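Below is protein-v1.pdb, which holds PDB, C-alpha atoms.
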ATOM      1  CA  MET M 533      35.902 -43.030  19.159
ATOM      2  CA  LEU M 534      34.336 -40.366  16.971
ATOM      3  CA  PRO M 535      33.479 -36.958  18.372
ATOM      4  CA  ALA M 536      29.805 -36.628  19.321
ATOM      5  CA  ARG M 537      29.096 -34.012  16.644
ATOM      6  CA  ARG M 538      30.458 -36.246  13.872
ATOM      7  CA  ARG M 539      28.513 -39.264  15.165
ATOM      8  CA  ARG M 540      25.292 -37.282  14.961
ATOM      9  CA  ILE M 541      26.031 -36.317  11.356
ATOM     10  CA  LEU M 542      26.782 -39.898  10.367
ATOM     11  CA  LEU M 543      23.653 -41.182  12.083
ATOM     12  CA  SER M 544      21.523 -38.581  10.314
ATOM     13  CA  THR M 545      23.030 -39.489   6.949
ATOM     14  CA  ALA M 546      22.432 -43.163   7.570
ATOM     15  CA  ALA M 547      18.835 -42.486   8.503
ATOM     16  CA  VAL M 548      18.287 -40.642   5.229
ATOM     17  CA  ILE M 549      19.847 -43.482   3.249
ATOM     18  CA  ALA M 550      17.765 -46.061   5.084
ATOM     19  CA  ALA M 551      14.453 -44.182   4.695
ATOM     20  CA  PRO M 552      12.193 -45.508   1.923
ATOM     21  CA  ARG M 553      12.136 -43.404  -1.234
ATOM     22  CA  VAL M 554       8.821 -41.622  -1.926
ATOM     23  CA  ILE M 555       8.118 -41.666  -5.659
ATOM     24  CA  ALA M 556       5.502 -39.211  -6.965
ATOM     25  CA  GLN M 557       2.528 -41.103  -8.370
ATOM     26  CA  PRO M 558       1.068 -39.972 -11.719
ATOM     27  CA  ARG M 559      -2.294 -38.260 -11.456
ATOM     28  CA  ALA M 560      -5.184 -40.570 -12.330
ATOM     29  CA  MET M 561      -6.720 -39.935 -15.738
ATOM     30  CA  PRO M 562     -10.136 -38.262 -15.324
ATOM     31  CA  ARG M 563     -12.909 -40.769 -15.984
ATOM     32  CA  ILE M 564     -16.035 -39.308 -17.583
ATOM     33  CA  ALA M 565     -19.042 -41.595 -17.396
ATOM     34  CA  LEU M 566     -21.910 -41.145 -19.850
ATOM     35  CA  LEU M 567     -25.261 -42.514 -18.696
ATOM     36  CA  SER M 568     -27.915 -42.202 -21.403
ATOM     37  CA  GLY M 569     -31.549 -43.078 -20.868
ATOM     38  CA  GLY M 570     -31.852 -44.214 -24.506
ATOM     39  CA  ARG M 571     -30.063 -46.537 -26.879
ATOM     40  CA  GLN M 572     -26.503 -46.341 -28.098
ATOM     41  CA  SER M 573     -27.622 -45.828 -31.698
ATOM     42  CA  ASP M 574     -29.733 -42.825 -30.663
ATOM     43  CA  SER M 575     -26.937 -41.223 -28.653
ATOM     44  CA  ALA M 576     -23.956 -41.623 -31.000
ATOM     45  CA  SER M 577     -24.202 -38.121 -32.483
ATOM     46  CA  LEU M 578     -24.538 -36.571 -29.011
ATOM     47  CA  LEU M 579     -21.472 -38.371 -27.676
ATOM     48  CA  ASN M 580     -19.527 -37.318 -30.772
ATOM     49  CA  ALA M 581     -20.541 -33.685 -30.197
ATOM     50  CA  LEU M 582     -19.367 -33.923 -26.565
ATOM     51  CA  LEU M 583     -16.040 -35.379 -27.688
ATOM     52  CA  GLU M 584     -15.676 -32.592 -30.259
ATOM     53  CA  GLY M 585     -16.122 -30.048 -27.502
ATOM     54  CA  LEU M 586     -13.585 -31.806 -25.289
ATOM     55  CA  ARG M 587     -11.038 -32.012 -28.097
ATOM     56  CA  ALA M 588     -11.430 -28.285 -28.686
ATOM     57  CA  LEU M 589     -10.437 -27.819 -25.032
ATOM     58  CA  GLY M 590      -7.312 -29.959 -25.486
ATOM     59  CA  TYR M 591      -8.533 -33.329 -24.196
ATOM     60  CA  GLN M 592      -7.810 -36.600 -25.981
ATOM     61  CA  GLU M 593      -9.825 -39.736 -25.356
ATOM     62  CA  GLY M 594      -7.613 -42.535 -24.050
ATOM     63  CA  ARG M 595      -4.677 -40.192 -23.421
ATOM     64  CA  THR M 596      -5.904 -37.408 -21.129
ATOM     65  CA  ILE M 597      -9.456 -38.590 -20.362
ATOM     66  CA  GLU M 598     -11.291 -41.890 -20.194
ATOM     67  CA  ILE M 599     -14.870 -42.241 -21.468
ATOM     68  CA  ASP M 600     -17.166 -44.873 -19.950
ATOM     69  CA  ALA M 601     -20.443 -44.795 -21.926
ATOM     70  CA  ARG M 602     -23.522 -46.816 -20.932
ATOM     71  CA  TYR M 603     -27.089 -46.899 -22.262
ATOM     72  CA  ALA M 604     -30.276 -47.752 -20.375
ATOM     73  CA  ASP M 605     -32.393 -48.658 -23.451
ATOM     74  CA  TYR M 606     -35.468 -46.805 -22.078
ATOM     75  CA  SER M 607     -35.488 -48.916 -18.894
ATOM     76  CA  ALA M 608     -35.663 -47.172 -15.505
ATOM     77  CA  ALA M 609     -34.429 -50.332 -13.757
ATOM     78  CA  GLN M 610     -31.527 -50.588 -16.185
ATOM     79  CA  ALA M 611     -30.626 -46.944 -15.572
ATOM     80  CA  GLN M 612     -30.501 -47.563 -11.814
ATOM     81  CA  ARG M 613     -28.290 -50.623 -12.265
ATOM     82  CA  LEU M 614     -25.920 -48.842 -14.634
ATOM     83  CA  ALA M 615     -25.642 -45.861 -12.289
ATOM     84  CA  ALA M 616     -24.540 -48.203  -9.492
ATOM     85  CA  GLU M 617     -21.972 -49.857 -11.796
ATOM     86  CA  ILE M 618     -20.632 -46.468 -12.824
ATOM     87  CA  ALA M 619     -20.337 -45.341  -9.195
ATOM     88  CA  ALA M 620     -18.331 -48.471  -8.341
ATOM     89  CA  ARG M 621     -15.684 -47.342 -10.838
ATOM     90  CA  ARG M 622     -15.389 -43.977  -9.045
ATOM     91  CA  PRO M 623     -15.771 -41.617 -12.008
ATOM     92  CA  THR M 624     -14.660 -38.023 -11.907
ATOM     93  CA  LEU M 625     -18.153 -37.035 -13.049
ATOM     94  CA  ILE M 626     -21.206 -38.336 -14.885
ATOM     95  CA  VAL M 627     -22.695 -36.763 -18.014
ATOM     96  CA  THR M 628     -26.316 -37.823 -18.418
ATOM     97  CA  ASN M 629     -29.656 -37.187 -20.091
ATOM     98  CA  GLY M 630     -33.192 -38.567 -20.160
ATOM     99  CA  GLY M 631     -33.898 -41.415 -17.767
ATOM    100  CA  GLY M 632     -30.285 -41.472 -16.609
ATOM    101  CA  ILE M 633     -30.463 -38.120 -14.816
ATOM    102  CA  GLU M 634     -32.354 -39.110 -11.673
ATOM    103  CA  PRO M 635     -30.323 -42.281 -10.926
ATOM    104  CA  ALA M 636     -27.047 -40.393 -11.472
ATOM    105  CA  ILE M 637     -28.017 -37.530  -9.182
ATOM    106  CA  GLY M 638     -29.327 -39.919  -6.525
ATOM    107  CA  LEU M 639     -26.088 -41.861  -6.043
ATOM    108  CA  SER M 640     -24.672 -42.015  -2.517
ATOM    109  CA  PRO M 641     -22.011 -40.892  -1.946
ATOM    110  CA  ALA M 642     -22.786 -38.144  -4.437
ATOM    111  CA  VAL M 643     -20.913 -37.924  -7.738
ATOM    112  CA  PRO M 644     -20.652 -34.655  -9.737
ATOM    113  CA  VAL M 645     -23.265 -34.727 -12.505
ATOM    114  CA  VAL M 646     -23.642 -32.716 -15.719
ATOM    115  CA  PHE M 647     -27.040 -33.127 -17.364
ATOM    116  CA  VAL M 648     -28.910 -32.186 -20.498
ATOM    117  CA  HIS M 649     -32.520 -31.952 -19.348
ATOM    118  CA  SER M 650     -35.418 -31.173 -21.644
ATOM    119  CA  GLY M 651     -37.502 -29.433 -18.994
ATOM    120  CA  ASN M 652     -36.923 -27.243 -15.957
ATOM    121  CA  PRO M 653     -34.399 -28.975 -13.655
ATOM    122  CA  VAL M 654     -35.632 -26.968 -10.662
ATOM    123  CA  ASP M 655     -39.203 -28.213 -11.167
ATOM    124  CA  ALA M 656     -37.841 -31.738 -11.626
ATOM    125  CA  GLY M 657     -36.044 -31.531  -8.261
ATOM    126  CA  PHE M 658     -32.520 -31.667  -9.678
ATOM    127  CA  ALA M 659     -31.440 -28.185  -8.515
ATOM    128  CA  ASP M 660     -32.357 -25.458  -6.036
ATOM    129  CA  SER M 661     -32.237 -22.714  -8.669
ATOM    130  CA  LEU M 662     -30.864 -22.101 -12.155
ATOM    131  CA  SER M 663     -28.334 -19.522 -10.959
ATOM    132  CA  ARG M 664     -27.074 -21.624  -8.044
ATOM    133  CA  PRO M 665     -27.976 -25.320  -8.329
ATOM    134  CA  GLY M 666     -26.796 -25.973  -4.760
ATOM    135  CA  ARG M 667     -26.444 -29.723  -5.169
ATOM    136  CA  ASN M 668     -24.220 -32.186  -7.019
ATOM    137  CA  ALA M 669     -25.619 -31.479 -10.493
ATOM    138  CA  THR M 670     -25.646 -28.760 -13.141
ATOM    139  CA  GLY M 671     -25.885 -28.562 -16.916
ATOM    140  CA  VAL M 672     -28.218 -27.282 -19.629
ATOM    141  CA  SER M 673     -32.011 -27.078 -19.739
ATOM    142  CA  LEU M 674     -33.519 -27.438 -23.220
ATOM    143  CA  MET M 675     -36.506 -25.284 -22.196
ATOM    144  CA  ALA M 676     -39.173 -27.802 -23.206
ATOM    145  CA  LEU M 677     -41.796 -26.115 -21.053
ATOM    146  CA  ASP M 678     -41.112 -22.704 -22.577
ATOM    147  CA  LEU M 679     -41.190 -23.917 -26.188
ATOM    148  CA  ILE M 680     -44.296 -26.122 -26.134
ATOM    149  CA  ALA M 681     -46.591 -23.144 -26.777
ATOM    150  CA  LYS M 682     -44.486 -22.098 -29.771
ATOM    151  CA  ARG M 683     -44.662 -25.582 -31.306
ATOM    152  CA  MET M 684     -48.411 -25.660 -30.742
ATOM    153  CA  GLU M 685     -48.736 -22.310 -32.503
ATOM    154  CA  LEU M 686     -46.698 -23.582 -35.468
ATOM    155  CA  LEU M 687     -48.820 -26.725 -35.727
ATOM    156  CA  LYS M 688     -51.952 -24.581 -35.678
ATOM    157  CA  GLN M 689     -50.545 -22.443 -38.524
ATOM    158  CA  LEU M 690     -49.959 -25.596 -40.503
ATOM    159  CA  ARG M 691     -53.495 -26.863 -39.919
ATOM    160  CA  PRO M 692     -55.698 -23.849 -39.050
ATOM    161  CA  GLY M 693     -58.793 -26.000 -38.551
ATOM    162  CA  MET M 694     -57.105 -28.167 -35.942
ATOM    163  CA  ARG M 695     -59.469 -29.167 -33.124
ATOM    164  CA  ARG M 696     -57.763 -32.139 -31.456
ATOM    165  CA  VAL M 697     -54.112 -32.906 -30.738
ATOM    166  CA  ALA M 698     -52.543 -36.182 -29.601
ATOM    167  CA  PHE M 699     -49.615 -35.953 -27.188
ATOM    168  CA  LEU M 700     -47.172 -38.854 -26.959
ATOM    169  CA  ALA M 701     -44.675 -39.177 -24.109
ATOM    170  CA  SER M 702     -42.914 -41.559 -21.764
ATOM    171  CA  PRO M 703     -44.076 -41.308 -18.121
ATOM    172  CA  GLU M 704     -40.540 -42.205 -17.022
ATOM    173  CA  HIS M 705     -39.156 -39.004 -18.488
ATOM    174  CA  ALA M 706     -38.212 -36.728 -15.581
ATOM    175  CA  GLY M 707     -40.607 -33.811 -15.316
ATOM    176  CA  GLN M 708     -42.992 -35.137 -17.989
ATOM    177  CA  HIS M 709     -46.063 -34.372 -15.842
ATOM    178  CA  ARG M 710     -45.118 -30.695 -15.889
ATOM    179  CA  GLU M 711     -44.514 -30.814 -19.625
ATOM    180  CA  PHE M 712     -47.934 -32.336 -20.113
ATOM    181  CA  ALA M 713     -49.542 -29.624 -17.957
ATOM    182  CA  ALA M 714     -47.776 -26.994 -20.075
ATOM    183  CA  SER M 715     -48.926 -28.782 -23.238
ATOM    184  CA  ARG M 716     -52.534 -28.820 -22.078
ATOM    185  CA  ALA M 717     -52.336 -25.100 -21.273
ATOM    186  CA  ALA M 718     -50.852 -24.375 -24.708
ATOM    187  CA  ALA M 719     -53.640 -26.371 -26.368
ATOM    188  CA  GLU M 720     -56.275 -24.409 -24.486
ATOM    189  CA  GLN M 721     -54.720 -21.147 -25.672
ATOM    190  CA  VAL M 722     -55.263 -22.096 -29.319
ATOM    191  CA  GLY M 723     -58.638 -23.749 -28.696
ATOM    192  CA  VAL M 724     -57.870 -27.439 -29.243
ATOM    193  CA  ASP M 725     -58.653 -30.578 -27.224
ATOM    194  CA  VAL M 726     -55.955 -32.928 -25.971
ATOM    195  CA  ALA M 727     -55.596 -36.715 -26.022
ATOM    196  CA  TYR M 728     -52.635 -37.988 -24.005
ATOM    197  CA  HIS M 729     -50.940 -41.296 -24.858
ATOM    198  CA  GLN M 730     -48.030 -42.625 -22.802
ATOM    199  CA  ALA M 731     -45.577 -45.494 -23.254
ATOM    200  CA  ARG M 732     -42.469 -46.655 -21.432
ATOM    201  CA  THR M 733     -41.035 -48.990 -24.068
ATOM    202  CA  PRO M 734     -41.157 -49.430 -27.854
ATOM    203  CA  ASP M 735     -43.662 -52.283 -27.396
ATOM    204  CA  GLU M 736     -45.947 -50.109 -25.273
ATOM    205  CA  LEU M 737     -45.666 -47.349 -27.854
ATOM    206  CA  ALA M 738     -46.653 -49.725 -30.670
ATOM    207  CA  ALA M 739     -49.677 -50.805 -28.625
ATOM    208  CA  ALA M 740     -50.707 -47.161 -28.039
ATOM    209  CA  LEU M 741     -50.673 -46.108 -31.704
ATOM    210  CA  PRO M 742     -54.023 -47.691 -32.677
ATOM    211  CA  LYS M 743     -55.614 -45.651 -29.867
ATOM    212  CA  VAL M 744     -54.074 -42.516 -31.371
ATOM    213  CA  VAL M 745     -55.854 -43.246 -34.650
ATOM    214  CA  GLU M 746     -59.137 -43.982 -32.865
ATOM    215  CA  GLY M 747     -59.043 -40.487 -31.394
ATOM    216  CA  LYS M 748     -58.942 -38.930 -34.896
ATOM    217  CA  PRO M 749     -56.451 -36.159 -34.026
ATOM    218  CA  ASP M 750     -55.761 -33.295 -36.423
ATOM    219  CA  GLY M 751     -52.135 -33.171 -35.283
ATOM    220  CA  ALA M 752     -49.632 -34.731 -32.899
ATOM    221  CA  MET M 753     -47.053 -33.371 -30.486
ATOM    222  CA  LEU M 754     -44.142 -35.577 -29.420
ATOM    223  CA  PHE M 755     -42.324 -34.943 -26.177
ATOM    224  CA  SER M 756     -38.587 -34.935 -26.776
ATOM    225  CA  ASP M 757     -37.814 -37.820 -24.433
ATOM    226  CA  ALA M 758     -35.463 -40.702 -25.172
ATOM    227  CA  LEU M 759     -38.237 -43.092 -26.245
ATOM    228  CA  MET M 760     -39.849 -40.735 -28.768
ATOM    229  CA  PHE M 761     -36.446 -39.761 -30.109
ATOM    230  CA  GLY M 762     -35.401 -43.372 -30.546
ATOM    231  CA  GLN M 763     -38.681 -44.343 -32.244
ATOM    232  CA  ARG M 764     -38.926 -41.212 -34.410
ATOM    233  CA  GLN M 765     -38.467 -43.054 -37.729
ATOM    234  CA  GLY M 766     -41.288 -45.509 -37.150
ATOM    235  CA  LEU M 767     -43.510 -42.770 -35.754
ATOM    236  CA  ALA M 768     -42.912 -40.623 -38.847
ATOM    237  CA  THR M 769     -44.065 -43.493 -41.070
ATOM    238  CA  PHE M 770     -47.128 -44.014 -38.879
ATOM    239  CA  PHE M 771     -48.154 -40.342 -38.964
ATOM    240  CA  LEU M 772     -47.539 -40.099 -42.706
ATOM    241  CA  THR M 773     -49.712 -43.157 -43.320
ATOM    242  CA  HIS M 774     -52.573 -41.632 -41.333
ATOM    243  CA  LYS M 775     -51.914 -38.065 -42.568
ATOM    244  CA  ILE M 776     -51.436 -36.651 -39.066
ATOM    245  CA  PRO M 777     -48.902 -33.767 -39.042
ATOM    246  CA  SER M 778     -46.530 -34.086 -36.096
ATOM    247  CA  ALA M 779     -44.306 -31.572 -34.315
ATOM    248  CA  ALA M 780     -41.385 -32.109 -31.955
ATOM    249  CA  GLY M 781     -38.454 -30.300 -30.385
ATOM    250  CA  TYR M 782     -35.405 -31.464 -32.342
ATOM    251  CA  SER M 783     -34.442 -31.309 -36.007
ATOM    252  CA  ALA M 784     -33.808 -35.070 -36.050
ATOM    253  CA  PHE M 785     -37.600 -35.507 -36.123
ATOM    254  CA  PRO M 786     -38.261 -33.736 -39.461
ATOM    255  CA  ASP M 787     -35.043 -35.278 -40.761
ATOM    256  CA  SER M 788     -36.794 -38.599 -40.092
ATOM    257  CA  GLY M 789     -40.040 -37.570 -41.800
ATOM    258  CA  HIS M 790     -42.049 -35.586 -39.231
ATOM    259  CA  VAL M 791     -43.513 -32.340 -40.538
ATOM    260  CA  LEU M 792     -41.765 -29.829 -38.278
ATOM    261  CA  SER M 793     -39.610 -29.152 -35.263
ATOM    262  CA  TYR M 794     -38.779 -26.097 -33.227
ATOM    263  CA  GLY M 795     -36.216 -26.129 -30.481
ATOM    264  CA  PRO M 796     -32.560 -25.952 -29.476
ATOM    265  CA  GLU M 797     -29.753 -27.107 -31.741
ATOM    266  CA  ARG M 798     -28.897 -30.239 -29.734
ATOM    267  CA  LEU M 799     -25.385 -30.853 -31.016
ATOM    268  CA  ALA M 800     -24.400 -27.296 -30.061
ATOM    269  CA  VAL M 801     -25.717 -28.005 -26.555
ATOM    270  CA  TRP M 802     -23.668 -31.186 -26.226
ATOM    271  CA  ARG M 803     -20.543 -29.426 -27.426
ATOM    272  CA  ARG M 804     -21.223 -26.815 -24.748
ATOM    273  CA  ILE M 805     -21.441 -29.547 -22.100
ATOM    274  CA  ALA M 806     -17.690 -30.081 -22.595
ATOM    275  CA  ASP M 807     -17.059 -26.747 -20.841
ATOM    276  CA  PHE M 808     -18.906 -27.981 -17.728
ATOM    277  CA  VAL M 809     -16.837 -31.168 -17.796
ATOM    278  CA  ASP M 810     -13.615 -29.191 -18.104
ATOM    279  CA  ARG M 811     -14.425 -26.932 -15.167
ATOM    280  CA  ILE M 812     -15.362 -29.841 -12.892
ATOM    281  CA  ILE M 813     -12.168 -31.716 -13.787
ATOM    282  CA  LYS M 814     -10.280 -28.567 -12.766
ATOM    283  CA  GLY M 815     -12.011 -28.423  -9.396
ATOM    284  CA  ALA M 816     -15.266 -26.484  -9.835
ATOM    285  CA  ARG M 817     -18.326 -27.648  -7.896
ATOM    286  CA  PRO M 818     -21.629 -28.280  -9.709
ATOM    287  CA  ALA M 819     -23.430 -26.591  -6.818
ATOM    288  CA  ASP M 820     -21.811 -23.275  -7.793
ATOM    289  CA  MET M 821     -22.108 -23.569 -11.585
ATOM    290  CA  PRO M 822     -25.235 -21.904 -13.033
ATOM    291  CA  ILE M 823     -27.501 -24.036 -15.202
ATOM    292  CA  GLU M 824     -27.467 -22.663 -18.732
ATOM    293  CA  LEU M 825     -30.133 -22.276 -21.412
ATOM    294  CA  PRO M 826     -29.590 -22.868 -25.139
ATOM    295  CA  THR M 827     -28.619 -19.953 -27.360
ATOM    296  CA  LEU M 828     -29.222 -21.548 -30.775
ATOM    297  CA  PHE M 829     -32.770 -22.430 -31.895
ATOM    298  CA  GLU M 830     -34.042 -23.690 -35.221
ATOM    299  CA  LEU M 831     -37.307 -24.203 -37.084
ATOM    300  CA  VAL M 832     -37.073 -27.133 -39.504
ATOM    301  CA  ILE M 833     -39.881 -28.084 -41.893
ATOM    302  CA  ASN M 834     -40.200 -31.243 -43.952
ATOM    303  CA  ARG M 835     -42.035 -29.979 -47.033
ATOM    304  CA  ARG M 836     -41.977 -33.442 -48.616
ATOM    305  CA  SER M 837     -44.013 -34.921 -45.740
ATOM    306  CA  ALA M 838     -46.380 -31.941 -45.658
ATOM    307  CA  THR M 839     -47.049 -32.336 -49.396
ATOM    308  CA  ALA M 840     -47.693 -36.068 -48.967
ATOM    309  CA  MET M 841     -50.327 -35.180 -46.345
ATOM    310  CA  ASN M 842     -51.954 -32.688 -48.755
ATOM    311  CA  LEU M 843     -51.053 -29.788 -46.465
ATOM    312  CA  THR M 844     -50.452 -26.280 -47.768
ATOM    313  CA  LEU M 845     -47.513 -24.653 -46.007
ATOM    314  CA  PRO M 846     -48.188 -20.971 -45.218
ATOM    315  CA  GLN M 847     -45.658 -18.622 -46.778
ATOM    316  CA  GLY M 848     -44.911 -17.075 -43.400
ATOM    317  CA  LEU M 849     -43.975 -20.480 -42.032
ATOM    318  CA  LEU M 850     -41.629 -21.147 -44.944
ATOM    319  CA  VAL M 851     -39.984 -17.726 -44.673
ATOM    320  CA  GLY M 852     -39.329 -18.245 -40.967
ATOM    321  CA  ALA M 853     -37.816 -21.693 -41.379
ATOM    322  CA  ASP M 854     -34.102 -22.170 -40.772
ATOM    323  CA  ARG M 855     -34.136 -25.276 -42.953
ATOM    324  CA  ILE M 856     -36.627 -26.855 -45.356
ATOM    325  CA  ILE M 857     -36.425 -30.519 -46.309
ATOM    326  CA  ASP M 858     -37.640 -31.240 -49.864
TER     327      ASP M 858
END
Could you express the structure from this file as structure tokens?
Amino acid sequence: MLPARRRRILLSTAAVIAAPRVIAQPRAMPRIALLSGGRQSDSASLLNALLEGLRALGYQEGRTIEIDARYADYSAAQAQRLAAEIAARRPTLIVTNGGGIEPAIGLSPAVPVVFVHSGNPVDAGFADSLSRPGRNATGVSLMALDLIAKRMELLKQLRPGMRRVAFLASPEHAGQHREFAASRAAAEQVGVDVAYHQARTPDELAAALPKVVEGKPDGAMLFSDALMFGQRQGLATFFLTHKIPSAAGYSAFPDSGHVLSYGPERLAVWRRIADFVDRIIKGARPADMPIELPTLFELVINRRSATAMNLTLPQGLLVGADRIID
């Protein structure tokens, strides 16, 4: 019979041998969901800019991160459904814009959200403050409310005798009622009347355009929501046909034929969003991450469209332009 001390050693060794081996599991690849309120064709350049930013931080799609991109096609119901589908796949975070923001933020249980919002996210109810969002979402505000007055001023320089302006927007764009209030205030400052036309879908927008003409506006202001962005080419043709100079917030509008734009450089913003994604993947909480404002702005003028409308571009406007399209 073995001594007691030796028996204990043998029993301990046997227990170790018999115990199941614990093999370290590989960490799950971070899954980044993209929920866009618009169409895939309208969002391709933005997604590419985000991926550029992520690559600059060392990420590789399919190897170190997974991208799950979905597009609501201007439909609020579709955005809600897609948000639920995304949540079921348990993403690390959701990057969103336009009509996708509210459904993404409203998921329960909450998912970290990084947004690009045209207006003030505090006014829209997405955050408690810019410096400390306090909830499950953070990102970049494109300062639409702050820049409306500047675009109105530029449009007035282009057509000094302007007396009536048509505003076009989607009512499903988060915070659009505040943007419209700011637009009306900006119009009053330069002494022009306002006609407001809203549409939720491309078909509704097409039906609204004859009413725009009936109002005989001297100019048009387009809200930078997903619908107006996606329909910018057709709208440019419409305004050129009726010789109505139009202004918007992004350079893609004059690139498509509108007379001018003033606002943030969007691709720079989406590259910047990659930094938010990186920090959340590494453990940061959106509630503690300040909402940022753009740092790059640009004035773009389409001189070809202005000439076709028989408009004379003031020299001061041309000198101040960052880019002129001939």
Name the closest residue to M:Ser573 among the candidates M:Gly590, M:Gly630, M:Gly762, M:Gly693; distances are taken between atoms, counting only C-alpha atoms.
-> M:Gly762
Report the closest atom pair, with its distance in Å rounded to one decimal, for each residue of stretch 580-654 of chain M that has an atom no farther than 6 Å from stretch 789-810 of chain M; count all atoms listed in the file, sort by chain and then rising residue number, and write it as JSON lines.
{"residue": "M:Ala581", "atom": "CA", "partner": "M:Arg803", "partner_atom": "CA", "distance": 5.1}
{"residue": "M:Leu582", "atom": "CA", "partner": "M:Arg803", "partner_atom": "CA", "distance": 4.7}
{"residue": "M:Gly585", "atom": "CA", "partner": "M:Arg803", "partner_atom": "CA", "distance": 4.5}
{"residue": "M:Leu586", "atom": "CA", "partner": "M:Ala806", "partner_atom": "CA", "distance": 5.2}
Evaluate the PyMOL selection byres ((chain M and resi 605) around 12) here and jot the selected residues down as a ChimeraX atom specification.
-> /M:567-575,602-604,606-612,614,630-632,732-734,758-759,761-763
Dig up all the protein and nucleic acid residues within 10 Å of (-50.7, -20.0, -23.7) in the file frame, using all atoms listed in the file, and format them as a VMD selection string.
-> chain M and resid 680 to 682 684 to 685 714 to 722
Starting from the displayed file, determine the output of the PyMOL selection byres ((chain M and resi 641) around 12) and express the residue list as a VMD selection string.
-> chain M and resid 616 619 to 620 622 to 623 636 to 640 642 to 644 668
Please evaluate the PyMOL selection byres ((chain M and resi 754-756) around 7) against the displayed coordinates and give the resulting residues as a list in words.
->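 Going through the file, the PyMOL selection byres ((chain M and resi 754-756) around 7) ends up selecting Phe699, Leu700, Ala701, Ala752, Met753, Asp757, Ala758, Met760, Phe761, Ala779, Ala780 and Gly781 of chain M.
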Could you write out that same residue set with C-alpha atoms as a compact mmCIF listing (two decimals), in the coordinates of the input?
# COMPACT_ATOMS: atom_id res chain seq x y z
CA PHE M 699 -49.62 -35.95 -27.19
CA LEU M 700 -47.17 -38.85 -26.96
CA ALA M 701 -44.68 -39.18 -24.11
CA ALA M 752 -49.63 -34.73 -32.90
CA MET M 753 -47.05 -33.37 -30.49
CA ASP M 757 -37.81 -37.82 -24.43
CA ALA M 758 -35.46 -40.70 -25.17
CA MET M 760 -39.85 -40.74 -28.77
CA PHE M 761 -36.45 -39.76 -30.11
CA ALA M 779 -44.31 -31.57 -34.32
CA ALA M 780 -41.38 -32.11 -31.96
CA GLY M 781 -38.45 -30.30 -30.38
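Restricting the calculation to all atoms listed in the file, the smallest distance between M:Gln847 and any of M:Leu690, M:Ala560, M:Leu828, M:Leu589 is found for M:Leu690.
The space between atom CA of M:Pro822 and atom CA of M:Thr624 spans 19.3 Å.
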Of the candidates M:Glu617, M:Asp787, M:Ala698, M:Glu704, which one gets nearest to M:His729 if we count only C-alpha atoms?
-> M:Ala698
Grab the atom CA of M:Asp678 to atom CA of M:Ser650 distance for me, in Å with one decimal place.
-> 10.2 Å
Mind pulling up the distance from atom CA of M:Gly657 to atom CA of M:Ala565?
->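 These atoms are spaced 21.8 Å apart.
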Centre and edge lengths of an axis-aligned box around all listed atoms of stretch 776-793 of chain M, with 4 Å added on each side, are to be given in Å to one decimal, as JSON.
{"center_x": -42.6, "center_y": -33.9, "center_z": -36.1, "size_x": 25.6, "size_y": 17.4, "size_z": 19.4}
Pick from M:Ile564, M:Val672, M:Leu662, M:Leu772: nearest to M:Arg621, with only C-alpha atoms counted?
-> M:Ile564
Mind filling out stretch 842-852 of chain M with N, CA and C atoms and sending it as a PDB file, in the coordinates of the input?
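In the end it all went to rebuild33.pdb:
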ATOM      1  N   ASN M 842     -51.058 -33.658 -48.102  1.00  0.00           N
ATOM      2  CA  ASN M 842     -51.954 -32.688 -48.755  1.00  0.00           C
ATOM      3  C   ASN M 842     -52.114 -31.409 -47.937  1.00  0.00           C
ATOM      4  N   LEU M 843     -51.039 -31.008 -47.262  1.00  0.00           N
ATOM      5  CA  LEU M 843     -51.053 -29.788 -46.465  1.00  0.00           C
ATOM      6  C   LEU M 843     -50.437 -28.650 -47.260  1.00  0.00           C
ATOM      7  N   THR M 844     -51.006 -27.479 -47.139  1.00  0.00           N
ATOM      8  CA  THR M 844     -50.452 -26.280 -47.768  1.00  0.00           C
ATOM      9  C   THR M 844     -49.647 -25.512 -46.719  1.00  0.00           C
ATOM     10  N   LEU M 845     -48.373 -25.344 -46.964  1.00  0.00           N
ATOM     11  CA  LEU M 845     -47.513 -24.653 -46.007  1.00  0.00           C
ATOM     12  C   LEU M 845     -47.671 -23.145 -46.176  1.00  0.00           C
ATOM     13  N   PRO M 846     -48.068 -22.425 -45.123  1.00  0.00           N
ATOM     14  CA  PRO M 846     -48.188 -20.971 -45.218  1.00  0.00           C
ATOM     15  C   PRO M 846     -46.849 -20.328 -45.571  1.00  0.00           C
ATOM     16  N   GLN M 847     -46.888 -19.284 -46.362  1.00  0.00           N
ATOM     17  CA  GLN M 847     -45.658 -18.622 -46.778  1.00  0.00           C
ATOM     18  C   GLN M 847     -44.865 -18.101 -45.582  1.00  0.00           C
ATOM     19  N   GLY M 848     -45.594 -17.584 -44.579  1.00  0.00           N
ATOM     20  CA  GLY M 848     -44.911 -17.075 -43.400  1.00  0.00           C
ATOM     21  C   GLY M 848     -44.131 -18.145 -42.665  1.00  0.00           C
ATOM     22  N   LEU M 849     -44.659 -19.363 -42.679  1.00  0.00           N
ATOM     23  CA  LEU M 849     -43.975 -20.480 -42.032  1.00  0.00           C
ATOM     24  C   LEU M 849     -42.702 -20.835 -42.795  1.00  0.00           C
ATOM     25  N   LEU M 850     -42.794 -20.823 -44.117  1.00  0.00           N
ATOM     26  CA  LEU M 850     -41.629 -21.147 -44.944  1.00  0.00           C
ATOM     27  C   LEU M 850     -40.549 -20.082 -44.814  1.00  0.00           C
ATOM     28  N   VAL M 851     -40.958 -18.827 -44.780  1.00  0.00           N
ATOM     29  CA  VAL M 851     -39.984 -17.726 -44.673  1.00  0.00           C
ATOM     30  C   VAL M 851     -39.258 -17.794 -43.336  1.00  0.00           C
ATOM     31  N   GLY M 852     -39.952 -18.202 -42.296  1.00  0.00           N
ATOM     32  CA  GLY M 852     -39.329 -18.245 -40.967  1.00  0.00           C
ATOM     33  C   GLY M 852     -38.511 -19.478 -40.701  1.00  0.00           C
TER      34      GLY M 852
END
